[in-house]
Amino acid sequence: MARSFVLKTDPSEQARRYRIDYAAALNPQQQAVVTAPGGPVLVVAGAGTGKTRTLVYRVAWLIETGFAPESIVLLTFTRRAAREMLGRASGLLDGRCDRVRGGTFHAVCVGILRRFAVRLGFPQRFTILDASDAADVIDVIRGGMDLPKKERFPRKKTIQAILSAAVNQGAPIADVLETRYPQFAAFERELVEIAGRYEQAKRGQGMMDYDDLLVRTLELFRAHDDVRRIVAGENRHVLVDEYQDTNRLQAALVKAFASEHGNVMAVGDDAQGIYRFRGADFRNIFAYPEEFPGTRVLKLEHNYRSSQRILDLANHVIGQARHRFDKALFTERTGGDLPAIVQAPDERFESRFVCQMVLDLREQGIPLRDMAVLFRAAHNSYDLETELNRRGIPFVKYGGLKLAEAAHVKDVVSHLRVLDNPRDAVAWNRVLQMIEGIGPRTASQVVDWILEASGESLVLPERPFSPRYAEALAALFEMLRRAGVPGTPLSVQVDAVLAYYEPVLRRLYYEDWEKRKQDLEQLAGLVGSYADRAGLLEALALDPIELAAVDVEPLDDDEAPLVLSTIHSAKGLEFRAVFLIHAMEGVLPSAYAVSDDDALDEELRLLYVAVTRAADHLFVSWPMVQYQRFEGPYLTEPSRFLGSVPQGLLEPWSLVEETPKAPWTGPLLPAPDEPENRE
DNA sequence: AGCCCGTCGGTTTTT
DNA sequence: CCGACGGGCT
């Protein structure tokens, strides 16, 4: 018979006064969340209701009530979010929150797998494949198969996306093809075959892709209950942010993490689910009380962020969804400007408008960092970026191309990977193919030889190398040997690789190597913040270090830059002024979404997320004419979601070119064909 | 086998 | 605007 033994609270604990005045810092709803007793809690929190703030205080409260920081796990959507929240919590409790464990599901899983992967037959130093590494592995597999030549087979990135979608949605490949890639439905058999070989290859070579990090952790818990008990036993409280964007794998992980104690708090907003493409279903949030019996559901409804006029628009937007959201945000922040709907003649006008208005608002005292330009897809801001550069307005861009994904950065990082793990065949392939005279074929042969000869250390095998590349190969090994001497500082290792790589860079990317070199310098600059090579490599694999396009002279020294971001990457952030550009049919909603009602609803939620980022000023704009390469200009339509917005919620703006100043008394200007004055 | 160049097709969102 | 692929050359 099991018996419960009640441990009494240490009296000195009881007597302690809390350092933080929770009642003063939080509203009653927030306080209820922060001071909730253990057990499962679901917090349904609308946009701008202080969700992050509440979680930060919750962490502090738990620590103040006696929980060890290292027994708390905070799961967030990005590592950036975790860092920021724990930083704020530490600020409240002078550093005591630093030991709280936090990060993405992927990062937390890597920590667990590094400890226990051996139990699954994986090496402790298994290789983490990012999406493009995974695509490269798939490409090799595809090359070794006899595939139908006549019809168009999906390219490696698409194959990878299909396989990943199947894993994340927990659906067979056939379903993924039917719903998202009907054009490739005929290749189901081949794709299933590739999927099988891909699994084998990963297992055989000790590699895990992003999805495996979640899948294998679950597998580990399922196959080894002692591991599950150890890991879950280390957690006394599990906190999950953005629960509406977790998929079934992540939901299962939450359940496992909390399985020993049941202290789990999830925070989310069903109206802000924007990761359906990754297998998330915003309705999962309603399944939570069934997953965790006894769940206490708490709500945060009071919006502190936006003016009422912005909320009116947001409420109208979300009201158009087919699925009804039980939600109306309210605020006491009445007044403010009406959100503007700006009709720009074309993209150039739109960019000029944004730049000019940004500068105006800055004149009015809003710092650049409190303004953001949001868009559906990373490429929507290209024209604007040019214009910002021209005017010397500093900006950072989130979303889109990642530093770690650029080909030349991967080249350099592959050398470090080989140093870290001489059995990393993916990295070897890349490293070898940079040598002149070595292509895919020779590379895979040489990799086989290397793997045979090298155990934990690097050995240049004695083999019949062709004189075409033998010397270069020896030079590569000499560089690796020097850089790999134990105790060599990371920065020295990186410098050695960069010096070796420089001529390769010039040869491979002769058109734009100088631009790419700046990225490598940025990479070199990051090195200092990592303790060792493994730490750097792990960060590069798990953190999408955003490629900041900030080589613009700041207006004032060190003025924090304007933020450019995809809507997805702006989740959870807020700004005093928000510009939503390219709000047009085909972009928002995306052309891919228009034939599917559920996808269309998600586009609507994206618009909702964008609108609710704004506190005071909101400008929604779109270009009436777009230029296409061959077709020339064509007319666009404004987003259907804005077409039906009643007058009074949005103020229509149009852009007019400045007319020449009136008090001109001299002779009329000659024909206006001075090229400089035209824009 | 590898490299270079021309052509053509596809083009979201992220860990 | 980038990458995959085919053809011709080394």
# chains A, B, ... in the order shown; residues from 1 in each chain; ligands from 1
$ residues_around --residues "Arg228 of chain A" --least-positions-apart "2" --cutoff "12 Å" --atoms "only C-alpha atoms (C1' of nucleotides)" --output "VMD selection string"
chain A and resid 112 to 113 116 217 to 226 230 to 235 253 to 260
$ write_last_selection --atoms "N, CA and C atoms" --output "PDB file, in the first residue's frame"
ATOM      1  N   ILE A 112      18.994  16.195 -23.157  1.00  0.00           N
ATOM      2  CA  ILE A 112      18.642  14.854 -22.668  1.00  0.00           C
ATOM      3  C   ILE A 112      19.333  13.783 -23.508  1.00  0.00           C
ATOM      4  N   LEU A 113      19.313  13.983 -24.814  1.00  0.00           N
ATOM      5  CA  LEU A 113      19.886  12.963 -25.699  1.00  0.00           C
ATOM      6  C   LEU A 113      21.400  12.844 -25.545  1.00  0.00           C
ATOM      7  N   PHE A 116      21.724  10.473 -22.781  1.00  0.00           N
ATOM      8  CA  PHE A 116      21.186   9.113 -22.832  1.00  0.00           C
ATOM      9  C   PHE A 116      21.119   8.488 -24.218  1.00  0.00           C
ATOM     10  N   THR A 217      13.727  11.462 -28.391  1.00  0.00           N
ATOM     11  CA  THR A 217      13.556  11.678 -26.955  1.00  0.00           C
ATOM     12  C   THR A 217      12.319  10.932 -26.466  1.00  0.00           C
ATOM     13  N   LEU A 218      11.256  11.012 -27.254  1.00  0.00           N
ATOM     14  CA  LEU A 218      10.049  10.276 -26.879  1.00  0.00           C
ATOM     15  C   LEU A 218      10.307   8.771 -26.898  1.00  0.00           C
ATOM     16  N   GLU A 219      11.038   8.343 -27.915  1.00  0.00           N
ATOM     17  CA  GLU A 219      11.387   6.933 -28.031  1.00  0.00           C
ATOM     18  C   GLU A 219      12.194   6.489 -26.805  1.00  0.00           C
ATOM     19  N   LEU A 220      13.110   7.345 -26.414  1.00  0.00           N
ATOM     20  CA  LEU A 220      13.945   7.068 -25.250  1.00  0.00           C
ATOM     21  C   LEU A 220      13.087   6.871 -24.003  1.00  0.00           C
ATOM     22  N   PHE A 221      12.140   7.769 -23.804  1.00  0.00           N
ATOM     23  CA  PHE A 221      11.268   7.676 -22.630  1.00  0.00           C
ATOM     24  C   PHE A 221      10.420   6.409 -22.683  1.00  0.00           C
ATOM     25  N   ARG A 222       9.972   6.088 -23.894  1.00  0.00           N
ATOM     26  CA  ARG A 222       9.075   4.949 -24.035  1.00  0.00           C
ATOM     27  C   ARG A 222       9.830   3.641 -23.793  1.00  0.00           C
ATOM     28  N   ALA A 223      11.049   3.573 -24.340  1.00  0.00           N
ATOM     29  CA  ALA A 223      11.799   2.322 -24.247  1.00  0.00           C
ATOM     30  C   ALA A 223      12.512   2.168 -22.903  1.00  0.00           C
ATOM     31  N   HIS A 224      12.788   3.277 -22.249  1.00  0.00           N
ATOM     32  CA  HIS A 224      13.564   3.197 -21.000  1.00  0.00           C
ATOM     33  C   HIS A 224      12.872   4.016 -19.931  1.00  0.00           C
ATOM     34  N   ASP A 225      12.003   3.359 -19.221  1.00  0.00           N
ATOM     35  CA  ASP A 225      11.208   4.112 -18.254  1.00  0.00           C
ATOM     36  C   ASP A 225      12.066   4.721 -17.146  1.00  0.00           C
ATOM     37  N   ASP A 226      13.208   4.097 -16.862  1.00  0.00           N
ATOM     38  CA  ASP A 226      14.072   4.683 -15.831  1.00  0.00           C
ATOM     39  C   ASP A 226      14.582   6.052 -16.272  1.00  0.00           C
ATOM     40  N   ILE A 230      14.090   9.553 -14.378  1.00  0.00           N
ATOM     41  CA  ILE A 230      15.210  10.423 -13.988  1.00  0.00           C
ATOM     42  C   ILE A 230      14.950  11.844 -14.483  1.00  0.00           C
ATOM     43  N   VAL A 231      14.647  11.950 -15.786  1.00  0.00           N
ATOM     44  CA  VAL A 231      14.482  13.283 -16.376  1.00  0.00           C
ATOM     45  C   VAL A 231      13.289  14.000 -15.755  1.00  0.00           C
ATOM     46  N   ALA A 232      12.166  13.309 -15.677  1.00  0.00           N
ATOM     47  CA  ALA A 232      10.971  13.959 -15.127  1.00  0.00           C
ATOM     48  C   ALA A 232      11.168  14.281 -13.652  1.00  0.00           C
ATOM     49  N   GLY A 233      11.961  13.455 -12.975  1.00  0.00           N
ATOM     50  CA  GLY A 233      12.199  13.697 -11.558  1.00  0.00           C
ATOM     51  C   GLY A 233      13.036  14.935 -11.300  1.00  0.00           C
ATOM     52  N   GLU A 234      13.803  15.339 -12.306  1.00  0.00           N
ATOM     53  CA  GLU A 234      14.619  16.548 -12.138  1.00  0.00           C
ATOM     54  C   GLU A 234      13.780  17.812 -12.274  1.00  0.00           C
ATOM     55  N   ASN A 235      12.601  17.657 -12.846  1.00  0.00           N
ATOM     56  CA  ASN A 235      11.731  18.816 -13.037  1.00  0.00           C
ATOM     57  C   ASN A 235      10.702  18.873 -11.923  1.00  0.00           C
ATOM     58  N   LEU A 253       5.847  15.420 -25.327  1.00  0.00           N
ATOM     59  CA  LEU A 253       7.037  15.696 -24.513  1.00  0.00           C
ATOM     60  C   LEU A 253       6.662  16.423 -23.226  1.00  0.00           C
ATOM     61  N   VAL A 254       5.749  17.390 -23.343  1.00  0.00           N
ATOM     62  CA  VAL A 254       5.310  18.112 -22.146  1.00  0.00           C
ATOM     63  C   VAL A 254       4.762  17.119 -21.134  1.00  0.00           C
ATOM     64  N   LYS A 255       3.962  16.216 -21.651  1.00  0.00           N
ATOM     65  CA  LYS A 255       3.355  15.230 -20.770  1.00  0.00           C
ATOM     66  C   LYS A 255       4.421  14.386 -20.079  1.00  0.00           C
ATOM     67  N   ALA A 256       5.428  14.001 -20.844  1.00  0.00           N
ATOM     68  CA  ALA A 256       6.499  13.192 -20.259  1.00  0.00           C
ATOM     69  C   ALA A 256       7.316  13.996 -19.247  1.00  0.00           C
ATOM     70  N   PHE A 257       7.631  15.225 -19.583  1.00  0.00           N
ATOM     71  CA  PHE A 257       8.440  16.045 -18.673  1.00  0.00           C
ATOM     72  C   PHE A 257       7.742  16.228 -17.328  1.00  0.00           C
ATOM     73  N   ALA A 258       6.409  16.309 -17.384  1.00  0.00           N
ATOM     74  CA  ALA A 258       5.660  16.588 -16.159  1.00  0.00           C
ATOM     75  C   ALA A 258       5.130  15.311 -15.516  1.00  0.00           C
ATOM     76  N   SER A 259       5.574  14.164 -16.022  1.00  0.00           N
ATOM     77  CA  SER A 259       4.902  12.921 -15.638  1.00  0.00           C
ATOM     78  C   SER A 259       5.127  12.517 -14.184  1.00  0.00           C
ATOM     79  N   GLU A 260       6.162  13.027 -13.533  1.00  0.00           N
ATOM     80  CA  GLU A 260       6.410  12.609 -12.159  1.00  0.00           C
ATOM     81  C   GLU A 260       5.676  13.453 -11.135  1.00  0.00           C
TER      82      GLU A 260
END
$ residues_around --residues "DG3 of chain C" --least-positions-apart "3" --cutoff "10 Å" --atoms "only C-alpha atoms (C1' of nucleotides)" --output "PyMOL selection string"
(chain A and resi 155) or (chain B and resi 9-10)
$ atom_distance --atom1 "atom C1' of DC3 of chain B" --atom2 "atom C1' of DC5 of chain C"
14.1 Å
$ atom_distance --atom1 "atom CA of Glu332 of chain A" --atom2 "atom CA of His617 of chain A"
16.3 Å
$ select_by_dssp --residues "segment 11-252 of chain A" --states "alpha helix (DSSP H)" --output "number ranges by chain"
A: 11-15, 22-25, 28-34, 51-64, 79-92, 105-116, 131-143, 156-169, 173-180, 188-205, 210-223, 225-234, 248-252
$ closest_atom_pairs --of "chain A" --to "chain C" --cutoff "12 Å" --atoms "only C-alpha atoms (C1' of nucleotides)" --output "Markdown table"
| residue | atom | partner | partner_atom | distance |
| --- | --- | --- | --- | --- |
| A:Asp139 | CA | C:DA4 | C1' | 11.6 |
| A:Lys149 | CA | C:DC5 | C1' | 11.2 |
| A:Arg152 | CA | C:DA4 | C1' | 10.8 |
| A:Phe153 | CA | C:DA4 | C1' | 10.7 |
| A:Pro154 | CA | C:DA4 | C1' | 10.3 |
| A:Arg155 | CA | C:DA4 | C1' | 7.7 |
| A:Lys156 | CA | C:DA4 | C1' | 9.6 |
| A:Lys157 | CA | C:DG3 | C1' | 10.4 |
| A:His379 | CA | C:DC1 | C1' | 10.4 |
| A:Tyr382 | CA | C:DC1 | C1' | 11.5 |
| A:Gly437 | CA | C:DT10 | C1' | 11.5 |
| A:Gln628 | CA | C:DC1 | C1' | 11.8 |
| A:Arg629 | CA | C:DC1 | C1' | 10.1 |
$ closest_atom_pairs --of "chain B" --to "chain A" --cutoff "7 Å" --atoms "only C-alpha atoms (C1' of nucleotides)" --output "Markdown table"
| residue | atom | partner | partner_atom | distance |
| --- | --- | --- | --- | --- |
| B:DG2 | C1' | A:Gly439 | CA | 6.0 |
| B:DT12 | C1' | A:Ala377 | CA | 5.7 |
| B:DT13 | C1' | A:His568 | CA | 6.3 |
| B:DT15 | C1' | A:Tyr210 | CA | 6.5 |
$ closest_residue --among "A:Ala81, A:Ala135, A:Ile581, A:Val56" --to "Met624 of chain A" --atoms "only C-alpha atoms"
A:Ile581
